[in-house]
Amino acid sequence: MLKNKSLVSISDLSDDDLNNVFLEADKMLDYINSSKKLDIMGSKILATLFYEPSTRTRLSFESAMQRLGGSTISMADSKTSSVSKGETLADTIRIIESYSDIIVIRHPLEGAAFLASKFSSKPVINAGDGSGEHPTQTLVDLYTIKKELGEINNKKITIMGDLKYGRTVHSLLMALTRYNVDVTLVSPENLRLSDYVYNELKNKLNITISDSLEKYINDTDVLYVTRLQKERFTDKNEYSKLIGSYRITAKETEKMKNNSIIMHPLPRVDEISPEVDSTDKAKYFKQASYGIPVRMALISMIAGD
Amino acid sequence: MLKNKSLVSISDLSDDDLNNVFLEADKMLDYINSSKKLDIMGSKILATLFYEPSTRTRLSFESAMQRLGGSTISMADSKTSSVSKGETLADTIRIIESYSDIIVIRHPLEGAAFLASKFSSKPVINAGDGSGEHPTQTLVDLYTIKKELGEINNKKITIMGDLKYGRTVHSLLMALTRYNVDVTLVSPENLRLSDYVYNELKNKLNITISDSLEKYINDTDVLYVTRLQKERFTDKNEYSKLIGSYRITAKETEKMKNNSIIMHPLPRVDEISPEVDSTDKAKYFKQASYGIPVRMALISMIAGD
Amino acid sequence: MLKNKSLVSISDLSDDDLNNVFLEADKMLDYINSSKKLDIMGSKILATLFYEPSTRTRLSFESAMQRLGGSTISMADSKTSSVSKGETLADTIRIIESYSDIIVIRHPLEGAAFLASKFSSKPVINAGDGSGEHPTQTLVDLYTIKKELGEINNKKITIMGDLKYGRTVHSLLMALTRYNVDVTLVSPENLRLSDYVYNELKNKLNITISDSLEKYINDTDVLYVTRLQKERFTDKNEYSKLIGSYRITAKETEKMKNNSIIMHPLPRVDEISPEVDSTDKAKYFKQASYGIPVRMALISMIAGD
């Protein structure tokens, strides 16, 4: 039961919760396709509190709330708020909770969403807290695999790119420990999973580590690509050299087996070539679109009547 | 009757208007608590025109309008508007009035809301004009006293902090002249009420002036605290020295009598210690929450059918 | 039939389309005046994607969508979006299309709206693309002439101001080739229509060119004034000298014939004196107000059920 509960970490959800969210998301997909008007959240208000900008994440929550018939209020940019007068997060939350029925928070500091949930009498959804978690992104990732491949169990999942700093990857890996999957992690050596994260995962998940995709690509069910962030490289030549080895082009897709898929949390820059977009492997825009039914499901289960 | 009237100053409201707003706010509180869907403003649009940022005030009006079933459009930041091309306020208003049914304006210059109301064929609500007024804040302040203490008459009200520059305090004092109350003003000498304001009030209101709270705290019904704005002090040591004498901690709350309350227009910084939040005196978050029913009442009385 | 079609250029519309939009706008005007609640777009979401700020245009689309009973999500400022991480317009569009049912785009580069329409499975409306087009402004201009003068054919239309850089003027001239009108273009020599544009129009439209309004003002039905943009002049004295000759004051309005009107796309700065506002010639605020019924008509015809 998610009713009135906050979602700070993907580990706040039981296996049953996950399944219920996915079942509810299926129903929401049907509603979206029928373009029938929903009135599940008719009298309710969702507040988005973004202490760092993330237009896409903000709009996906607002769209989901409005598809449910509800309303939204937004602090899209903390620079224009009382925050700049020195107000604490705890105070802001205790005011915004009286303006709304559910709060979505994005913050540059890890732990901010947890703190917010402790001070709020209304449920809080974490939409990314620094190097912490972004649980709804993980829900969308899992739902995409389930919808596109039928199930998550027994899949070979290859994750490639920046594995060291990527919040998305850490949350996804934690969530995958619930399933019976084989995971291969492909990255340049300096962007491997940190020892700290690896040690937490290694007993719960079957992990292979490599610096080359070549050996694994033809046997992969899910190729999950993330952005190599240019700003992580002090030597820009280093970036230019590396990006060639960690970019997916049409050539790579031809090596992939039938029914395998390519995912990406977006935005992508150089790491997937545009020619890949038109192949049947490319599911990253589909993945983004699943953000709406998944967030609709979550919002209605948490804050619906 | 407030129908189709602008609200620029608290003095635009008769005593009857005030009472009617409070009665209507009571009904709105009931609706909020029942979470029934209202459709009082179903076909109407409220526009917020903010020439300086104030996220909280903007969101409270938007939340109130949406709780009434209405819609909102927002200029949250004048830097991204035609204002930067040299358009006058009068022109902007004459355009926005055709996009909306009621306009909420915030502006750094005193008199801007009055000017807007003169050019607009749609009602305008002043949400703060420089050192001028912020009448809905004052309505919320009065409503809070009424709800928490039963009535406003015969109360001892102590106002502490920056009394010289605080727009909130001036509006509240003007409004309190309508009631039979005793007011004590506590502030450092350099932040006392200006002579100009004091002279306007002294014949209408029983005012005591002091630089120390000590003598008055145990007999106060309402302790209204405002922020000492650091930016008012050229000597930052002076601020650090003073803030100690004008800060409320748990120790002060223990001296206060039963059923007395602490209010603050928020945001607060150092002037109320967080330990006070959990005492039964602390009503400042409650006060913020009353912003919704009071604004709902006002919007529906002004622009409802 | 406009259903599910994008509107990038005014030339995307047939003569029949134009007439149908105007007929539908008439109905919308009636609805607005009756303040009846519409539910034409009840389950739909309009997304505004503004890569450069234009508060008025954004609010007019949002107001129109909300008057139709629909909802809106907004990227009001691209600086706070994934765009800053290097995402292409094509990628952004393919994500936003899954969040919404119709997309309104404003972009500093000519051709951006066309590109967006090619990548989107949802209809796209161009709200201005650099020196390209702004077709809904043109629709509003034509509708204003029709409403205020009964018809567009057989009118004498004088357009004055910056004719070289004005996107609004180019679109309007292109649209006027559909009608039987006489056009006079009045501007300083350095701000005349470029040869390129003139050559495209000269065979389709009866055009007279002049640097003085004097000879034409008493026989004009529509005087369409645009802003002389100060920033176009390297020599600011030159601007100050010229603006006197291209400014409309009460004196000019007295020379105009009965039932003639003054229009302006707004914002205006110095080019129409405020004293003109109260004359019966001044229709520029009326023109701005027609933006709502025209955009309501367009949105409902494109994305309604």
# chains A, B, ... in the order shown; residues from 1 in each chain; ligands from 1
$ residues_around --residues "Tyr99 of chain A" --least-positions-apart "6" --cutoff "10 Å" --atoms "only C-alpha atoms" --output "VMD selection string"
(chain A and resid 45 to 47 73 93) or (chain B and resid 56 59 to 64 67 288 to 292)
$ write_last_selection --atoms "C-alpha atoms" --output "compact mmCIF listing (two decimals), in the first residue's frame"
# COMPACT_ATOMS: atom_id res chain seq x y z
CA ILE A 45 -2.76 19.85 -6.45
CA LEU A 46 0.76 18.57 -7.13
CA ALA A 47 3.61 20.97 -6.27
CA ILE A 73 1.92 24.58 -9.03
CA ILE A 93 8.27 22.32 2.84
CA ARG B 56 5.44 31.69 -2.04
CA LEU B 59 2.03 29.79 -5.45
CA SER B 60 -0.51 30.64 -2.74
CA PHE B 61 -2.67 32.55 -5.24
CA GLU B 62 -2.29 29.81 -7.86
CA SER B 63 -3.16 27.12 -5.33
CA ALA B 64 -6.22 29.09 -4.14
CA ARG B 67 -8.73 24.77 -5.36
CA ALA B 288 0.83 30.47 6.17
CA SER B 289 -1.75 27.72 5.63
CA TYR B 290 -4.62 30.19 6.23
CA GLY B 291 -3.35 31.99 3.13
CA ILE B 292 -5.23 29.49 0.98
$ residues_around --residues "Pro108 of chain A" --least-positions-apart "3" --cutoff "12 Å" --atoms "only C-alpha atoms" --output "PyMOL selection string"
chain A and resi 49-54+78+105+111-113+126-134+167
$ residues_around --residues "Arg94 of chain A" --least-positions-apart "5" --cutoff "10 Å" --atoms "only C-alpha atoms" --output "number ranges by chain"
A: 89, 99, 116, 119-122; B: 285-286, 288-289
$ calpha_fit_and_write --fixed "chain A" --moving "chain B" --output "tab-separated table (two decimals) with C-alpha atoms, in the first residue's frame"
chain	number	residue	atom	x	y	z
B	1	MET	CA	-0.02	0.00	-0.01
B	2	LEU	CA	1.52	3.28	-1.15
B	3	LYS	CA	-1.31	5.53	0.03
B	4	ASN	CA	0.05	8.72	1.65
B	5	LYS	CA	3.60	7.36	1.66
B	6	SER	CA	6.64	9.26	0.43
B	7	LEU	CA	8.94	7.78	-2.22
B	8	VAL	CA	12.54	8.75	-1.47
B	9	SER	CA	14.37	5.60	-2.56
B	10	ILE	CA	13.46	2.70	-4.80
B	11	SER	CA	14.06	0.56	-1.71
B	12	ASP	CA	10.98	2.15	-0.12
B	13	LEU	CA	8.95	-0.08	-2.44
B	14	SER	CA	8.31	-3.75	-1.74
B	15	ASP	CA	8.30	-6.24	-4.61
B	16	ASP	CA	4.51	-6.18	-4.43
B	17	ASP	CA	4.51	-2.36	-4.61
B	18	LEU	CA	6.62	-2.55	-7.77
B	19	ASN	CA	4.23	-5.01	-9.39
B	20	ASN	CA	1.21	-2.94	-8.40
B	21	VAL	CA	2.75	0.21	-9.89
B	22	PHE	CA	3.38	-1.67	-13.16
B	23	LEU	CA	-0.18	-3.08	-13.25
B	24	GLU	CA	-1.60	0.38	-12.59
B	25	ALA	CA	0.69	1.88	-15.27
B	26	ASP	CA	-0.78	-0.58	-17.78
B	27	LYS	CA	-4.25	0.77	-17.02
B	28	MET	CA	-2.99	4.34	-17.35
B	29	LEU	CA	-1.51	3.52	-20.78
B	30	ASP	CA	-4.95	2.34	-21.86
B	31	TYR	CA	-6.51	5.59	-20.64
B	32	ILE	CA	-3.90	7.70	-22.45
B	33	ASN	CA	-4.52	5.83	-25.68
B	34	SER	CA	-8.30	6.18	-25.36
B	35	SER	CA	-7.84	9.92	-24.65
B	36	LYS	CA	-10.75	9.62	-22.24
B	37	LYS	CA	-10.83	12.31	-19.59
B	38	LEU	CA	-9.77	11.05	-16.16
B	39	ASP	CA	-10.85	12.72	-12.95
B	40	ILE	CA	-8.89	10.67	-10.44
B	41	MET	CA	-7.06	13.68	-8.98
B	42	GLY	CA	-9.71	16.28	-9.77
B	43	SER	CA	-9.58	18.28	-6.56
B	44	LYS	CA	-5.87	17.76	-5.89
B	45	ILE	CA	-2.74	19.85	-6.45
B	46	LEU	CA	0.77	18.57	-7.14
B	47	ALA	CA	3.62	20.97	-6.29
B	48	THR	CA	6.98	20.69	-8.03
B	49	LEU	CA	9.87	22.14	-5.99
B	50	PHE	CA	12.97	22.22	-8.19
B	51	TYR	CA	16.12	23.45	-6.47
B	52	GLU	CA	18.02	22.74	-9.68
B	53	PRO	CA	16.47	22.90	-13.13
B	54	SER	CA	15.31	19.75	-14.91
B	55	THR	CA	12.66	20.74	-17.39
B	56	ARG	CA	11.96	17.25	-18.67
B	57	THR	CA	11.46	15.68	-15.24
B	58	ARG	CA	9.31	18.59	-14.11
B	59	LEU	CA	7.14	18.48	-17.24
B	60	SER	CA	6.69	14.71	-17.00
B	61	PHE	CA	5.28	15.00	-13.48
B	62	GLU	CA	3.08	17.95	-14.46
B	63	SER	CA	1.81	16.12	-17.53
B	64	ALA	CA	1.06	12.98	-15.47
B	65	MET	CA	-0.86	15.00	-12.86
B	66	GLN	CA	-2.88	16.83	-15.51
B	67	ARG	CA	-3.68	13.59	-17.37
B	68	LEU	CA	-5.18	12.45	-14.04
B	69	GLY	CA	-7.39	15.55	-13.99
B	70	GLY	CA	-5.38	17.29	-11.26
B	71	SER	CA	-3.66	20.68	-11.08
B	72	THR	CA	-0.03	21.73	-10.62
B	73	ILE	CA	1.93	24.57	-9.05
B	74	SER	CA	5.63	24.95	-9.79
B	75	MET	CA	8.79	26.40	-8.36
B	76	ALA	CA	10.90	25.74	-11.44
B	77	ASP	CA	13.93	27.64	-10.25
B	78	SER	CA	14.99	28.19	-6.66
B	79	LYS	CA	16.93	31.34	-7.51
B	80	THR	CA	13.70	33.32	-7.58
B	81	SER	CA	12.41	32.03	-4.24
B	82	SER	CA	12.62	32.61	-0.51
B	83	VAL	CA	15.50	30.16	-0.57
B	84	SER	CA	17.64	33.12	-1.62
B	85	LYS	CA	16.61	34.93	1.59
B	86	GLY	CA	18.07	32.09	3.66
B	87	GLU	CA	14.95	30.00	4.30
B	88	THR	CA	15.65	26.37	5.23
B	89	LEU	CA	14.30	23.45	3.21
B	90	ALA	CA	12.31	22.36	6.27
B	91	ASP	CA	10.50	25.71	6.44
B	92	THR	CA	9.79	25.81	2.70
B	93	ILE	CA	8.31	22.31	2.84
B	94	ARG	CA	6.07	23.15	5.81
B	95	ILE	CA	4.62	26.03	3.82
B	96	ILE	CA	4.26	24.28	0.46
B	97	GLU	CA	2.52	21.30	2.08
B	98	SER	CA	-0.39	23.58	2.93
B	99	TYR	CA	-0.62	24.66	-0.72
B	100	SER	CA	-0.70	21.16	-2.20
B	101	ASP	CA	-1.56	17.46	-1.77
B	102	ILE	CA	1.67	15.89	-3.01
B	103	ILE	CA	5.16	17.37	-3.43
B	104	VAL	CA	7.78	16.47	-6.04
B	105	ILE	CA	11.25	17.65	-5.08
B	106	ARG	CA	14.53	17.91	-6.99
B	107	HIS	CA	17.60	19.07	-5.08
B	108	PRO	CA	21.36	19.19	-5.70
B	109	LEU	CA	22.16	17.66	-2.29
B	110	GLU	CA	21.89	13.96	-1.42
B	111	GLY	CA	19.45	13.42	1.43
B	112	ALA	CA	17.35	16.52	0.70
B	113	ALA	CA	14.32	14.47	-0.36
B	114	PHE	CA	14.53	12.35	2.78
B	115	LEU	CA	14.69	15.49	4.94
B	116	ALA	CA	11.72	16.95	3.07
B	117	SER	CA	9.70	13.78	3.64
B	118	LYS	CA	10.39	13.94	7.38
B	119	PHE	CA	9.08	17.50	7.70
B	120	SER	CA	6.10	17.12	5.38
B	121	SER	CA	2.66	15.87	6.38
B	122	LYS	CA	1.95	15.38	2.66
B	123	PRO	CA	3.67	12.66	0.61
B	124	VAL	CA	6.96	13.63	-1.08
B	125	ILE	CA	8.39	12.10	-4.27
B	126	ASN	CA	12.15	12.33	-4.82
B	127	ALA	CA	12.84	13.53	-8.38
B	128	GLY	CA	16.61	13.35	-7.92
B	129	ASP	CA	18.77	14.42	-4.98
B	130	GLY	CA	22.37	15.06	-6.05
B	131	SER	CA	24.35	11.86	-6.21
B	132	GLY	CA	21.52	10.11	-4.35
B	133	GLU	CA	18.52	8.52	-6.07
B	134	HIS	CA	15.93	9.24	-8.73
B	135	PRO	CA	13.48	6.42	-8.03
B	136	THR	CA	10.85	7.27	-10.66
B	137	GLN	CA	13.53	7.09	-13.37
B	138	THR	CA	14.33	3.58	-12.13
B	139	LEU	CA	10.64	2.63	-12.16
B	140	VAL	CA	10.42	3.83	-15.76
B	141	ASP	CA	13.55	1.83	-16.68
B	142	LEU	CA	12.15	-1.38	-15.19
B	143	TYR	CA	8.73	-0.81	-16.74
B	144	THR	CA	10.32	-0.30	-20.16
B	145	ILE	CA	12.17	-3.63	-19.98
B	146	LYS	CA	8.98	-5.38	-18.85
B	147	LYS	CA	6.85	-3.85	-21.61
B	148	GLU	CA	9.37	-4.31	-24.42
B	149	LEU	CA	10.72	-7.76	-23.46
B	150	GLY	CA	7.79	-9.31	-21.57
B	151	GLU	CA	9.68	-9.74	-18.33
B	152	ILE	CA	12.78	-8.62	-16.46
B	153	ASN	CA	13.92	-11.99	-15.12
B	154	ASN	CA	16.45	-14.04	-17.08
B	155	LYS	CA	17.64	-11.09	-19.14
B	156	LYS	CA	21.22	-10.16	-20.01
B	157	ILE	CA	21.61	-6.46	-19.32
B	158	THR	CA	24.65	-4.48	-20.45
B	159	ILE	CA	25.12	-1.00	-19.00
B	160	MET	CA	27.64	1.24	-20.74
B	161	GLY	CA	29.02	4.74	-20.20
B	162	ASP	CA	29.73	6.74	-17.06
B	163	LEU	CA	29.18	4.23	-14.26
B	164	LYS	CA	31.07	6.18	-11.63
B	165	TYR	CA	28.99	9.34	-11.30
B	166	GLY	CA	25.71	8.23	-12.84
B	167	ARG	CA	22.91	8.37	-10.26
B	168	THR	CA	20.61	6.66	-12.74
B	169	VAL	CA	22.88	3.64	-13.04
B	170	HIS	CA	23.28	3.17	-9.29
B	171	SER	CA	19.53	3.20	-8.69
B	172	LEU	CA	18.90	0.83	-11.56
B	173	LEU	CA	21.55	-1.64	-10.32
B	174	MET	CA	20.08	-1.60	-6.81
B	175	ALA	CA	16.65	-2.34	-8.26
B	176	LEU	CA	17.96	-5.13	-10.50
B	177	THR	CA	19.10	-7.07	-7.39
B	178	ARG	CA	15.41	-7.96	-7.01
B	179	TYR	CA	15.49	-9.91	-10.26
B	180	ASN	CA	17.40	-12.84	-11.65
B	181	VAL	CA	19.50	-11.08	-14.29
B	182	ASP	CA	23.09	-11.04	-15.63
B	183	VAL	CA	24.64	-7.60	-15.69
B	184	THR	CA	27.70	-6.52	-17.69
B	185	LEU	CA	29.22	-3.12	-16.96
B	186	VAL	CA	31.19	-1.50	-19.77
B	187	SER	CA	33.12	1.74	-19.25
B	188	PRO	CA	36.54	3.37	-19.53
B	189	GLU	CA	38.62	2.43	-16.51
B	190	ASN	CA	38.39	5.86	-14.89
B	191	LEU	CA	34.59	5.78	-15.02
B	192	ARG	CA	34.03	2.33	-13.50
B	193	LEU	CA	31.63	1.76	-10.62
B	194	SER	CA	33.29	2.95	-7.41
B	195	ASP	CA	34.46	0.21	-5.03
B	196	TYR	CA	31.95	1.39	-2.49
B	197	VAL	CA	29.00	0.76	-4.79
B	198	TYR	CA	30.47	-2.42	-6.26
B	199	ASN	CA	30.94	-3.99	-2.86
B	200	GLU	CA	27.34	-3.33	-1.96
B	201	LEU	CA	26.14	-5.05	-5.12
B	202	LYS	CA	28.52	-7.94	-5.77
B	203	ASN	CA	26.79	-10.49	-3.53
B	204	LYS	CA	23.32	-9.65	-4.76
B	205	LEU	CA	23.88	-9.36	-8.48
B	206	ASN	CA	25.81	-11.34	-11.10
B	207	ILE	CA	28.16	-8.63	-12.43
B	208	THR	CA	30.82	-8.77	-15.17
B	209	ILE	CA	33.11	-5.77	-15.67
B	210	SER	CA	34.77	-4.85	-18.96
B	211	ASP	CA	36.17	-1.89	-20.86
B	212	SER	CA	34.90	-3.17	-24.20
B	213	LEU	CA	31.40	-3.83	-25.50
B	214	GLU	CA	32.56	-6.04	-28.40
B	215	LYS	CA	32.51	-9.38	-26.57
B	216	TYR	CA	29.04	-8.89	-25.05
B	217	ILE	CA	26.98	-7.05	-27.62
B	218	ASN	CA	25.69	-10.05	-29.58
B	219	ASP	CA	24.31	-11.76	-26.48
B	220	THR	CA	22.74	-8.74	-24.79
B	221	ASP	CA	18.98	-8.35	-24.32
B	222	VAL	CA	19.13	-4.78	-22.98
B	223	LEU	CA	21.89	-2.36	-23.89
B	224	TYR	CA	21.52	0.56	-21.47
B	225	VAL	CA	23.68	3.50	-22.59
B	226	THR	CA	24.44	6.58	-20.48
B	227	ARG	CA	26.14	9.84	-21.30
B	228	LEU	CA	29.89	10.23	-20.92
B	229	GLN	CA	29.83	13.65	-19.32
B	230	LYS	CA	32.43	15.81	-21.02
B	231	GLU	CA	32.72	17.92	-17.87
B	232	ARG	CA	34.14	14.89	-15.98
B	233	PHE	CA	37.29	14.98	-18.13
B	234	THR	CA	39.99	17.52	-17.29
B	235	ASP	CA	41.71	16.53	-20.54
B	236	LYS	CA	39.25	17.15	-23.39
B	237	ASN	CA	41.43	15.12	-25.81
B	238	GLU	CA	40.89	12.16	-23.52
B	239	TYR	CA	37.11	12.61	-23.96
B	240	SER	CA	37.40	12.83	-27.75
B	241	LYS	CA	39.52	9.67	-27.82
B	242	LEU	CA	37.20	7.70	-25.58
B	243	ILE	CA	33.83	8.66	-27.01
B	244	GLY	CA	34.64	6.75	-30.21
B	245	SER	CA	34.87	3.47	-28.27
B	246	TYR	CA	31.66	4.05	-26.32
B	247	ARG	CA	29.37	5.23	-29.07
B	248	ILE	CA	26.58	3.13	-30.56
B	249	THR	CA	26.18	3.37	-34.33
B	250	ALA	CA	24.19	1.37	-36.88
B	251	LYS	CA	27.12	-1.06	-37.09
B	252	GLU	CA	26.70	-2.04	-33.43
B	253	THR	CA	22.93	-2.52	-33.76
B	254	GLU	CA	23.53	-5.07	-36.52
B	255	LYS	CA	25.47	-7.25	-34.11
B	256	MET	CA	22.62	-7.28	-31.62
B	257	LYS	CA	20.26	-10.22	-31.48
B	258	ASN	CA	16.55	-10.21	-32.37
B	259	ASN	CA	14.25	-8.59	-29.84
B	260	SER	CA	17.10	-6.90	-28.04
B	261	ILE	CA	16.67	-3.22	-27.16
B	262	ILE	CA	18.73	-0.07	-26.61
B	263	MET	CA	17.77	2.22	-23.71
B	264	HIS	CA	19.10	5.60	-22.56
B	265	PRO	CA	17.84	7.90	-19.75
B	266	LEU	CA	18.31	10.94	-22.06
B	267	PRO	CA	19.45	13.54	-22.88
B	268	ARG	CA	21.93	11.84	-25.21
B	269	VAL	CA	24.68	13.74	-26.91
B	270	ASP	CA	27.33	11.81	-28.86
B	271	GLU	CA	26.96	8.33	-27.36
B	272	ILE	CA	24.17	7.09	-29.66
B	273	SER	CA	24.40	8.08	-33.31
B	274	PRO	CA	21.12	9.53	-34.74
B	275	GLU	CA	21.09	6.79	-37.43
B	276	VAL	CA	20.24	4.31	-34.66
B	277	ASP	CA	16.94	6.12	-33.94
B	278	SER	CA	15.13	4.50	-36.86
B	279	THR	CA	16.21	0.93	-36.04
B	280	ASP	CA	13.84	-1.41	-34.19
B	281	LYS	CA	16.40	-1.66	-31.37
B	282	ALA	CA	16.01	1.99	-30.37
B	283	LYS	CA	13.60	2.22	-27.43
B	284	TYR	CA	14.87	5.33	-25.64
B	285	PHE	CA	12.07	7.60	-26.81
B	286	LYS	CA	9.55	4.88	-25.95
B	287	GLN	CA	11.25	4.71	-22.55
B	288	ALA	CA	10.76	8.47	-22.08
B	289	SER	CA	7.09	8.12	-23.05
B	290	TYR	CA	6.57	5.42	-20.38
B	291	GLY	CA	7.43	8.15	-17.85
B	292	ILE	CA	3.85	9.40	-18.08
B	293	PRO	CA	1.86	6.19	-17.28
B	294	VAL	CA	4.36	5.18	-14.57
B	295	ARG	CA	4.15	8.59	-12.86
B	296	MET	CA	0.37	8.65	-13.28
B	297	ALA	CA	0.20	5.26	-11.54
B	298	LEU	CA	2.46	6.40	-8.72
B	299	ILE	CA	0.71	9.74	-8.11
B	300	SER	CA	-2.75	8.17	-8.08
B	301	MET	CA	-1.68	5.32	-5.77
B	302	ILE	CA	0.00	7.75	-3.35
B	303	ALA	CA	-2.38	10.70	-3.37
B	304	GLY	CA	-5.62	9.48	-4.97
B	305	ASP	CA	-8.78	9.08	-2.91
$ select_by_dssp --residues "segment 60-134 of chain C" --states "alpha helix (DSSP H)" --output "tab-separated table (two decimals) with N, CA and C atoms, in the first residue's frame"
chain	number	residue	atom	x	y	z
C	60	SER	N	-0.79	33.95	-24.15
C	60	SER	CA	-1.99	33.94	-25.00
C	60	SER	C	-2.35	32.51	-25.41
C	61	PHE	N	-1.34	31.69	-25.70
C	61	PHE	CA	-1.62	30.28	-26.03
C	61	PHE	C	-2.13	29.54	-24.79
C	62	GLU	N	-1.52	29.78	-23.65
C	62	GLU	CA	-1.94	29.10	-22.43
C	62	GLU	C	-3.37	29.49	-22.05
C	63	SER	N	-3.68	30.79	-22.17
C	63	SER	CA	-5.03	31.26	-21.87
C	63	SER	C	-6.04	30.61	-22.81
C	64	ALA	N	-5.71	30.59	-24.11
C	64	ALA	CA	-6.62	29.99	-25.10
C	64	ALA	C	-6.89	28.52	-24.77
C	65	MET	N	-5.83	27.77	-24.44
C	65	MET	CA	-5.99	26.34	-24.14
C	65	MET	C	-6.85	26.16	-22.89
C	66	GLN	N	-6.65	26.99	-21.89
C	66	GLN	CA	-7.41	26.86	-20.64
C	66	GLN	C	-8.86	27.29	-20.83
C	67	ARG	N	-9.10	28.29	-21.68
C	67	ARG	CA	-10.49	28.67	-22.00
C	67	ARG	C	-11.22	27.51	-22.66
C	89	LEU	N	17.19	19.75	-30.83
C	89	LEU	CA	15.77	20.06	-30.90
C	89	LEU	C	14.96	18.82	-31.25
C	90	ALA	N	15.48	18.00	-32.17
C	90	ALA	CA	14.76	16.80	-32.60
C	90	ALA	C	14.51	15.86	-31.41
C	91	ASP	N	15.52	15.69	-30.56
C	91	ASP	CA	15.35	14.83	-29.38
C	91	ASP	C	14.34	15.42	-28.41
C	92	THR	N	14.48	16.71	-28.14
C	92	THR	CA	13.55	17.35	-27.19
C	92	THR	C	12.10	17.17	-27.66
C	93	ILE	N	11.87	17.42	-28.95
C	93	ILE	CA	10.52	17.29	-29.50
C	93	ILE	C	9.99	15.86	-29.33
C	94	ARG	N	10.83	14.87	-29.59
C	94	ARG	CA	10.37	13.48	-29.51
C	94	ARG	C	10.07	13.05	-28.08
C	95	ILE	N	10.59	13.79	-27.12
C	95	ILE	CA	10.22	13.51	-25.73
C	95	ILE	C	8.93	14.28	-25.37
C	96	ILE	N	8.91	15.57	-25.67
C	96	ILE	CA	7.77	16.40	-25.30
C	96	ILE	C	6.48	15.92	-25.98
C	112	ALA	N	13.35	26.37	-37.37
C	112	ALA	CA	13.27	25.49	-36.20
C	112	ALA	C	11.88	24.85	-36.08
C	113	ALA	N	10.85	25.65	-36.34
C	113	ALA	CA	9.49	25.12	-36.20
C	113	ALA	C	9.21	24.05	-37.26
C	114	PHE	N	9.73	24.28	-38.46
C	114	PHE	CA	9.57	23.28	-39.53
C	114	PHE	C	10.24	21.97	-39.12
C	115	LEU	N	11.48	22.08	-38.65
C	115	LEU	CA	12.21	20.90	-38.19
C	115	LEU	C	11.42	20.17	-37.10
C	116	ALA	N	10.92	20.94	-36.13
C	116	ALA	CA	10.14	20.35	-35.03
C	116	ALA	C	8.94	19.59	-35.58
C	117	SER	N	8.25	20.19	-36.56
C	117	SER	CA	7.04	19.55	-37.11
C	117	SER	C	7.38	18.25	-37.83
C	118	LYS	N	8.58	18.17	-38.40
C	118	LYS	CA	8.98	16.95	-39.11
C	118	LYS	C	9.26	15.80	-38.13
C	119	PHE	N	9.77	16.12	-36.94
C	119	PHE	CA	10.12	15.08	-35.99
C	119	PHE	C	8.98	14.71	-35.05
$ select_by_dssp --residues "segment 46-202 of chain A" --states "strand (DSSP E or B)" --output "number ranges by chain"
A: 46-50, 71-75, 102-107, 124-129, 156-160, 182-186
